[in-house]
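Novice: Quick one: the structure is below, questions incoming.
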Amino acid sequence: MELTFVAKDPDSVPDGSPTLYRTDRQSWVVQGWAVTDADALAIMEIPEGETCVEIPDRLVPFFRQQH
């Protein structure tokens, strides 16, 4: 998989996370804050081998900028 950097959250201190990448497989990769809320995780019923991350609304516009 090849990753192309799209955006890093400029308002996240100190590490600049979350970060958004576009892949060469017509998909997106998001580096973000691990969701650890047990109630939220139970509702999602995430299968083995998958995970979820939380990103702020301010990163969503970057999804439309890369094709």
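Identifiers for the structure tokens are assigned positionally: chains receive A, B, ... in sequence, residues are indexed from 1 per chain, and ligands are indexed from 1 in the order shown.
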Using backbone DSSP assignments, extract all alpha helix (DSSP H) residues from chain A; output them as a PyMOL selection string.
Specialist: chain A and resi 38-44
Novice: Store the residues picked out above, limited to C-alpha atoms, as a compact mmCIF listing (two decimals), in the first residue's frame.
Specialist:
# COMPACT_ATOMS: atom_id res chain seq x y z
CA ALA A 38 -16.26 0.63 26.56
CA ASP A 39 -19.90 1.54 25.90
CA ALA A 40 -19.13 2.95 22.45
CA LEU A 41 -17.02 -0.07 21.53
CA ALA A 42 -19.76 -2.46 22.64
CA ILE A 43 -22.32 -0.68 20.46
CA MET A 44 -20.06 -0.92 17.38
Novice: Using only C-alpha atoms for the distances, tell me which of A:Gln26, A:Ile46, A:Val35, A:Val60 is nearest to Ala7 (chain A).
Specialist: A:Val60
Novice: CA of Leu20 (chain A) and CA of Arg58 (chain A) are how many Å apart?
Specialist: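 For CA of Leu20 (chain A) relative to CA of Arg58 (chain A), the distance reads 11.6 Å.
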Novice: Using DSSP secondary structure from the backbone, list all strand (DSSP E or B) positions within chain A, as a PyMOL selection string.
Specialist: chain A and resi 3-8+19-23+28-31+33-34+53-54
Novice: I'd like the interatomic distance between CA of Arg64 (chain A) and CA of Met1 (chain A), to a tenth of an Å.
Specialist: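 The value is 20.5 Å.
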